[in-house]
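Contents: one structure, followed by commentary.
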Amino acid sequence: IAGWGGLRNYAGFLLDTLPAFLAADQAGVLAGHPPVLPPLTPWQAELLTLTGIAAPQTLDAPWTELDEAVLTPALGPVVAHPMLAEVRGRVLTGLGGANGAGRKLYISRSDLYDAVMVDEAGVEIELAALGYTIVRPETSSARELIQLFAEADLIVAATGTALANLLFCPPGAEVVEMRPPGSTSVWVQNLATGLGLKWRGFDAEGVREMLETPLDAALRPASAFAWRADVVALLAFLAQRA
């Protein structure tokens with residue numbers, strides 16, 4: 001019941017695979033038959049624990065022969081899955097709730113090697129001086145990230161998989177999505193507006209810069225580029241906050 005995107009992608013696992021698990025669980029499919037998955041990452045195991053899903057059976061094999069399988073296909077856009085509210089409720093219950101709101105978060109991508117923001121260090125310095133908590137998803141557990149999002153009333157971040165945690169924001173929280181030049185992605189906007197959050201898009205000017213990679217240009221992934229946010233323009237945009 002797990003889609004391919006959920007195997008290693010945080011957003012895919014949270015917004016697609018977990019709702020599929022819960023749908024199967026509520027239909028009684030998982031009764032006595034725990035889900036079968038490849039070996040789990042720590043954050044996948046943590047999310048399953050928070051949702052209260054029975055521990056899955058993991059198989060580390062190149063292929064597996066099954067006598068019977070049940071699939072729960074995606075019901076339209078991932079960010080509109082009817083079980084997302086159930087995922088949110090279960091995870092926040094497993095977390096023990098939030099300790100209040102009021103945090104301002106900046107979600108850093110400085111530990112990643114795709115869609116590189118070359119002036120991110122300057123952005124972090126300026127926002128930290130304004131009271132933002134700088135969050136580094138690559139060195140945070142799923143529980144830590146969810147707790148931070150659940151207590152935030154303003155989140156600033158470049159488009160990225162960590163923004164799937166908007167699912168846990170308090171009602172009315174504001175999201176400023178920083179989008180690289182030429183971006184056409186709308187999944188963050190759709191998720192935020194579907195959850196009743198206040199979404200604003202900061203579209204960076206300029207052009208994408210090529211990253212040095214050993215790959216032939218024809219094999220270069222679409223995410224292998226660098227861009228500049230322009231901290232002055234970003235701060236002016238944030239100052240327009242209602």
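By convention here, the chains of the structure tokens are called A, B, ... in the order presented, each chain's residues are numbered starting at 1, and ligands are numbered starting at 1 in the order presented.
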Practice item. Tell me which protein, DNA and RNA residues are within 6 Å of segment 21-36 of chain A, counting only C-alpha atoms, leaving out same-chain ones fewer than 6 positions away, and put them as a list in words. Key: Pro56, Gln57 and Thr58 of chain A
N, CA and C atoms of the current selection, written as a JSON list (two decimals), in the first residue's frame:
```json
[["chain", "number", "residue", "atom", "x", "y", "z"],
["A", 56, "PRO", "N", 5.44, -2.58, 11.35],
["A", 56, "PRO", "CA", 5.41, -3.32, 10.08],
["A", 56, "PRO", "C", 6.46, -4.43, 10.05],
["A", 57, "GLN", "N", 6.26, -5.35, 9.15],
["A", 57, "GLN", "CA", 7.26, -6.37, 8.86],
["A", 57, "GLN", "C", 8.19, -5.80, 7.80],
["A", 58, "THR", "N", 9.48, -5.84, 8.05],
["A", 58, "THR", "CA", 10.43, -5.30, 7.08],
["A", 58, "THR", "C", 11.20, -6.44, 6.42]]
```
Exercise for review: Any chance you could list, as a count of residues only, the residues in segment 17-150 of chain A that come up strand (DSSP E or B) when DSSP is run on the backbone?
Suggested key: 14
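When only C-alpha atoms are used to compute distances to Ser141 of chain A, the closest of the residues A:Val232, A:Ala162, A:Leu112, A:Glu120 turns out to be A:Ala162.
Minimum atom-to-atom distances from A:Val135, A:Ala55, A:Ile125, A:Ala85 to Pro39 of chain A were compared using only C-alpha atoms, and the lowest value belongs to A:Ala55.
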Practice item. Would you mind listing what lies within 10 Å of segment 42-47 of chain A as a ChimeraX atom specification, with only C-alpha atoms counted and same-chain residues fewer than 4 positions away left out? Key: /A:6-10,13-14,18,51-53,55-56,87,91,94,140-143,146
Identify, on the basis of only C-alpha atoms, every residue whose closest approach to Ile155 of chain A does not exceed 7 Å; exclude the query and any residue fewer than 6 positions from it along the same chain; express the result as a PDB file with N, CA, C and O atoms, in the first residue's frame.
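And here's around00.pdb as it stands now:
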```
ATOM      1  N   LYS A 104       8.464  31.649  15.387  1.00  0.00           N
ATOM      2  CA  LYS A 104       8.770  32.003  14.011  1.00  0.00           C
ATOM      3  C   LYS A 104       9.897  31.085  13.562  1.00  0.00           C
ATOM      4  O   LYS A 104      10.956  31.043  14.201  1.00  0.00           O
ATOM      5  N   LEU A 105       9.670  30.334  12.488  1.00  0.00           N
ATOM      6  CA  LEU A 105      10.633  29.346  12.035  1.00  0.00           C
ATOM      7  C   LEU A 105      11.199  29.710  10.673  1.00  0.00           C
ATOM      8  O   LEU A 105      10.472  30.197   9.798  1.00  0.00           O
ATOM      9  N   TYR A 106      12.489  29.462  10.493  1.00  0.00           N
ATOM     10  CA  TYR A 106      13.075  29.459   9.160  1.00  0.00           C
ATOM     11  C   TYR A 106      13.609  28.048   8.926  1.00  0.00           C
ATOM     12  O   TYR A 106      14.446  27.548   9.683  1.00  0.00           O
ATOM     13  N   GLU A 174       0.810  31.362   9.384  1.00  0.00           N
ATOM     14  CA  GLU A 174       1.217  31.951   8.110  1.00  0.00           C
ATOM     15  C   GLU A 174       2.428  31.216   7.553  1.00  0.00           C
ATOM     16  O   GLU A 174       3.356  30.866   8.306  1.00  0.00           O
ATOM     17  N   VAL A 175       2.425  30.995   6.248  1.00  0.00           N
ATOM     18  CA  VAL A 175       3.511  30.306   5.563  1.00  0.00           C
ATOM     19  C   VAL A 175       4.021  31.194   4.438  1.00  0.00           C
ATOM     20  O   VAL A 175       3.234  31.642   3.602  1.00  0.00           O
ATOM     21  N   VAL A 176       5.313  31.459   4.428  1.00  0.00           N
ATOM     22  CA  VAL A 176       5.940  32.169   3.317  1.00  0.00           C
ATOM     23  C   VAL A 176       6.833  31.163   2.603  1.00  0.00           C
ATOM     24  O   VAL A 176       7.856  30.723   3.143  1.00  0.00           O
TER      25      VAL A 176
END
```
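Distances to Leu127 of chain A were evaluated for A:Thr184, A:Ala157, A:Asp67, A:Ala61 using only C-alpha atoms, and the minimum falls at A:Ala157.
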Exercise for review: May I have the residues within 10 Å of Leu195 of chain A as a PyMOL selection string, using only C-alpha atoms and disregarding those fewer than 2 positions away in the same chain?
Suggested key: chain A and resi 79-80+84-85+166-173+189-193+197-198
